[in-house]
Amino acid sequence: MAKELYVGKILTNEMITAGKQFLQQIEAVMPITASFWLYTSEAERWRLYIASPVVSKEGSKKMYEQVINILDAEREPSLPAVSVLATDDNDQYVSSLRMMRLSHEVSEKRFTSLGVNGRYIEDAYIYRLYEAKADK
């Protein structure tokens, strides 16, 4: 198991890089519809949000099992598991960030001090934010 990366109040280049590497690995085993770092002053820390239809269909436990497997196999400094939040497309932050999209897809972009649909987004770094697709 690799050394854990410190995740605190400041979004570092190391966090962005570790998150991107982690997302490449998790996308290889399940579909991801949104992924972003989000800072909230209540928690006083950043969390990596990952939205997947797997959470809606099979529950967050299934996704956290994959998260733990990937993080345990890391050789580089890895993200602490507590910094990862598995969710689905109905999450309030996923929905709010989707509302401010200017195109079909947003990727690799940072947003600060946003008011979206009555929700305040202090700071977010978006890896990917795809348009939600209706379940079939």
# chains A, B, ... in the order shown; residues from 1 in each chain; ligands from 1
>>> select_by_dssp(residues="chain A", states="alpha helix (DSSP H)", output="PyMOL selection string")
chain A and resi 13-27+53-58+60-73+92-99
>>> residues_around(residues="segment 107-119 of chain A", least_positions_apart="6", cutoff="10 Å", atoms="only C-alpha atoms", output="VMD selection string")
chain A and resid 16 20 34 to 39 92 to 93 95 to 100 125 to 130
>>> atom_distance(atom1="atom CA of Glu42 of chain A", atom2="atom CA of Glu122 of chain A")
10.7 Å
>>> closest_residue(among="A:Ala18, A:Val84, A:Ile26, A:Ile32", to="Arg47 of chain A", atoms="only C-alpha atoms")
A:Val84
>>> select_by_dssp(residues="chain A", states="strand (DSSP E or B)", output="PyMOL selection string")
chain A and resi 4+34-40+45-51+78+84-87+105-116+119-130
>>> atom_distance(atom1="atom CA of Leu79 of chain A", atom2="atom CA of Glu4 of chain A")
5.7 Å
>>> residues_around(residues="Ala81 of chain A", least_positions_apart="3", cutoff="8 Å", atoms="only C-alpha atoms", output="list in words")
Val67, Ile68, Leu71 and Val84 of chain A
>>> atom_distance(atom1="atom CA of Lys57 of chain A", atom2="atom CA of Tyr120 of chain A")
28.7 Å
>>> residues_around(residues="Thr87 of chain A", least_positions_apart="3", cutoff="7 Å", atoms="only C-alpha atoms", output="list in words")
Ile50, Ala51, Ser52, Val55, Ser60 and Asp91 of chain A
>>> residues_around(residues="Gln25 of chain A", least_positions_apart="2", cutoff="12 Å", atoms="only C-alpha atoms", output="count of residues only")
20
>>> residues_around(residues="Glu14 of chain A", least_positions_apart="6", cutoff="10 Å", atoms="only C-alpha atoms", output="list of chain:residue names")
A:Leu5, A:Tyr6, A:Val7, A:Lys20, A:Pro77, A:Ser78, A:Leu79
>>> residues_around(residues="Glu58 of chain A", least_positions_apart="4", cutoff="12 Å", atoms="only C-alpha atoms", output="PDB file with N, CA and C atoms, in the first residue's frame")
ATOM      1  N   MET A  30     -15.698   0.747 -14.391  1.00  0.00           N
ATOM      2  CA  MET A  30     -17.110   1.125 -14.299  1.00  0.00           C
ATOM      3  C   MET A  30     -17.350   2.475 -14.972  1.00  0.00           C
ATOM      4  N   SER A  52     -21.635   7.731 -10.632  1.00  0.00           N
ATOM      5  CA  SER A  52     -21.731   6.578 -11.523  1.00  0.00           C
ATOM      6  C   SER A  52     -23.131   5.982 -11.437  1.00  0.00           C
ATOM      7  N   PRO A  53     -23.642   5.469 -12.554  1.00  0.00           N
ATOM      8  CA  PRO A  53     -24.920   4.775 -12.505  1.00  0.00           C
ATOM      9  C   PRO A  53     -24.853   3.501 -11.649  1.00  0.00           C
ATOM     10  N   VAL A  54     -23.656   3.010 -11.391  1.00  0.00           N
ATOM     11  CA  VAL A  54     -23.482   1.835 -10.529  1.00  0.00           C
ATOM     12  C   VAL A  54     -24.062   2.112  -9.142  1.00  0.00           C
ATOM     13  N   LYS A  62     -20.860  -1.110  -3.634  1.00  0.00           N
ATOM     14  CA  LYS A  62     -20.212  -1.714  -4.808  1.00  0.00           C
ATOM     15  C   LYS A  62     -19.110  -0.799  -5.344  1.00  0.00           C
ATOM     16  N   MET A  63     -19.408   0.474  -5.396  1.00  0.00           N
ATOM     17  CA  MET A  63     -18.409   1.414  -5.903  1.00  0.00           C
ATOM     18  C   MET A  63     -17.262   1.580  -4.913  1.00  0.00           C
ATOM     19  N   TYR A  64     -17.561   1.659  -3.619  1.00  0.00           N
ATOM     20  CA  TYR A  64     -16.491   1.794  -2.623  1.00  0.00           C
ATOM     21  C   TYR A  64     -15.573   0.572  -2.604  1.00  0.00           C
ATOM     22  N   GLU A  65     -16.102  -0.604  -2.905  1.00  0.00           N
ATOM     23  CA  GLU A  65     -15.244  -1.797  -3.000  1.00  0.00           C
ATOM     24  C   GLU A  65     -14.196  -1.596  -4.090  1.00  0.00           C
ATOM     25  N   ALA A  86     -18.543   8.482  -3.308  1.00  0.00           N
ATOM     26  CA  ALA A  86     -19.245   7.801  -4.400  1.00  0.00           C
ATOM     27  C   ALA A  86     -20.697   8.238  -4.379  1.00  0.00           C
ATOM     28  N   THR A  87     -21.197   8.664  -5.523  1.00  0.00           N
ATOM     29  CA  THR A  87     -22.568   9.148  -5.593  1.00  0.00           C
ATOM     30  C   THR A  87     -23.151   8.840  -6.970  1.00  0.00           C
ATOM     31  N   ASP A  88     -24.351   9.342  -7.213  1.00  0.00           N
ATOM     32  CA  ASP A  88     -24.973   9.137  -8.520  1.00  0.00           C
ATOM     33  C   ASP A  88     -25.341  10.497  -9.118  1.00  0.00           C
TER      34      ASP A  88
END
>>> decode(residues="segment 29-129 of chain A", atoms="C-alpha atoms", output="short mmCIF file (atom, residue, chain, number, x, y, z; two decimals), in the first residue's frame")
data_model
loop_
_atom_site.label_atom_id
_atom_site.label_comp_id
_atom_site.auth_asym_id
_atom_site.auth_seq_id
_atom_site.Cartn_x
_atom_site.Cartn_y
_atom_site.Cartn_z
CA VAL A 29 -13.87 -0.90 -14.40
CA MET A 30 -17.11 1.12 -14.30
CA PRO A 31 -18.89 4.00 -16.06
CA ILE A 32 -18.33 7.45 -14.55
CA THR A 33 -20.67 10.34 -15.43
CA ALA A 34 -19.10 13.07 -13.28
CA SER A 35 -15.87 13.51 -11.36
CA PHE A 36 -14.68 16.57 -9.52
CA TRP A 37 -12.95 17.87 -6.41
CA LEU A 38 -15.28 19.98 -4.26
CA TYR A 39 -14.36 22.19 -1.31
CA THR A 40 -16.86 23.07 1.40
CA SER A 41 -16.08 25.28 4.36
CA GLU A 42 -18.25 23.11 6.62
CA ALA A 43 -15.89 20.17 6.14
CA GLU A 44 -12.83 22.42 5.69
CA ARG A 45 -11.43 19.99 3.14
CA TRP A 46 -11.68 18.84 -0.43
CA ARG A 47 -13.53 15.69 -1.45
CA LEU A 48 -13.32 13.84 -4.73
CA TYR A 49 -16.87 13.26 -5.98
CA ILE A 50 -17.40 10.40 -8.40
CA ALA A 51 -20.84 9.89 -9.91
CA SER A 52 -21.73 6.58 -11.52
CA PRO A 53 -24.92 4.77 -12.51
CA VAL A 54 -23.48 1.83 -10.53
CA VAL A 55 -24.42 3.69 -7.33
CA SER A 56 -28.05 4.04 -8.47
CA LYS A 57 -28.32 0.42 -9.58
CA GLU A 58 -26.17 -1.49 -7.05
CA GLY A 59 -25.56 0.96 -4.22
CA SER A 60 -22.50 2.89 -3.10
CA LYS A 61 -20.97 -0.18 -1.40
CA LYS A 62 -20.21 -1.71 -4.81
CA MET A 63 -18.41 1.41 -5.90
CA TYR A 64 -16.49 1.79 -2.62
CA GLU A 65 -15.24 -1.80 -3.00
CA GLN A 66 -13.69 -0.80 -6.33
CA VAL A 67 -12.32 2.43 -4.82
CA ILE A 68 -10.60 0.52 -2.00
CA ASN A 69 -9.18 -2.10 -4.41
CA ILE A 70 -7.66 0.61 -6.61
CA LEU A 71 -6.29 2.67 -3.73
CA ASP A 72 -4.75 -0.41 -2.06
CA ALA A 73 -2.90 -1.26 -5.28
CA GLU A 74 -1.43 2.23 -5.70
CA ARG A 75 2.36 2.57 -5.66
CA GLU A 76 2.44 6.36 -5.77
CA PRO A 77 1.06 8.45 -2.92
CA SER A 78 -2.60 7.58 -3.03
CA LEU A 79 -5.74 9.42 -2.10
CA PRO A 80 -7.13 8.62 1.33
CA ALA A 81 -10.33 6.62 0.89
CA VAL A 82 -12.20 9.07 3.13
CA SER A 83 -11.60 11.83 0.58
CA VAL A 84 -13.58 9.94 -2.11
CA LEU A 85 -17.36 10.29 -2.23
CA ALA A 86 -19.24 7.80 -4.40
CA THR A 87 -22.57 9.15 -5.59
CA ASP A 88 -24.97 9.14 -8.52
CA ASP A 89 -26.36 11.71 -10.94
CA ASN A 90 -29.04 12.78 -8.45
CA ASP A 91 -26.49 14.22 -6.00
CA GLN A 92 -27.17 17.91 -5.25
CA TYR A 93 -23.67 19.04 -6.23
CA VAL A 94 -23.55 16.93 -9.40
CA SER A 95 -26.93 18.38 -10.44
CA SER A 96 -25.94 21.96 -9.59
CA LEU A 97 -22.65 21.79 -11.48
CA ARG A 98 -24.41 20.28 -14.50
CA MET A 99 -26.76 23.28 -14.59
CA MET A 100 -23.86 25.69 -15.13
CA ARG A 101 -22.29 23.77 -18.00
CA LEU A 102 -21.80 25.83 -21.11
CA SER A 103 -21.49 22.83 -23.41
CA HIS A 104 -22.37 19.13 -23.63
CA GLU A 105 -19.26 18.23 -21.64
CA VAL A 106 -17.02 20.13 -19.22
CA SER A 107 -13.55 18.84 -18.44
CA GLU A 108 -10.40 19.97 -16.61
CA LYS A 109 -11.80 23.27 -15.35
CA ARG A 110 -11.85 25.07 -12.02
CA PHE A 111 -14.80 27.11 -10.77
CA THR A 112 -14.88 29.29 -7.66
CA SER A 113 -17.64 31.22 -5.88
CA LEU A 114 -20.55 30.04 -8.01
CA GLY A 115 -24.21 30.42 -7.23
CA VAL A 116 -26.17 27.78 -9.11
CA ASN A 117 -29.90 27.17 -8.63
CA GLY A 118 -29.80 28.48 -5.06
CA ARG A 119 -26.73 26.43 -4.14
CA TYR A 120 -23.35 28.00 -3.43
CA ILE A 121 -20.30 26.23 -4.81
CA GLU A 122 -17.23 27.57 -3.00
CA ASP A 123 -14.59 25.89 -5.10
CA ALA A 124 -14.59 22.97 -7.54
CA TYR A 125 -12.11 21.40 -9.91
CA ILE A 126 -13.93 19.40 -12.55
CA TYR A 127 -12.28 16.47 -14.29
CA ARG A 128 -15.35 15.40 -16.24
CA LEU A 129 -18.97 16.43 -16.15
#
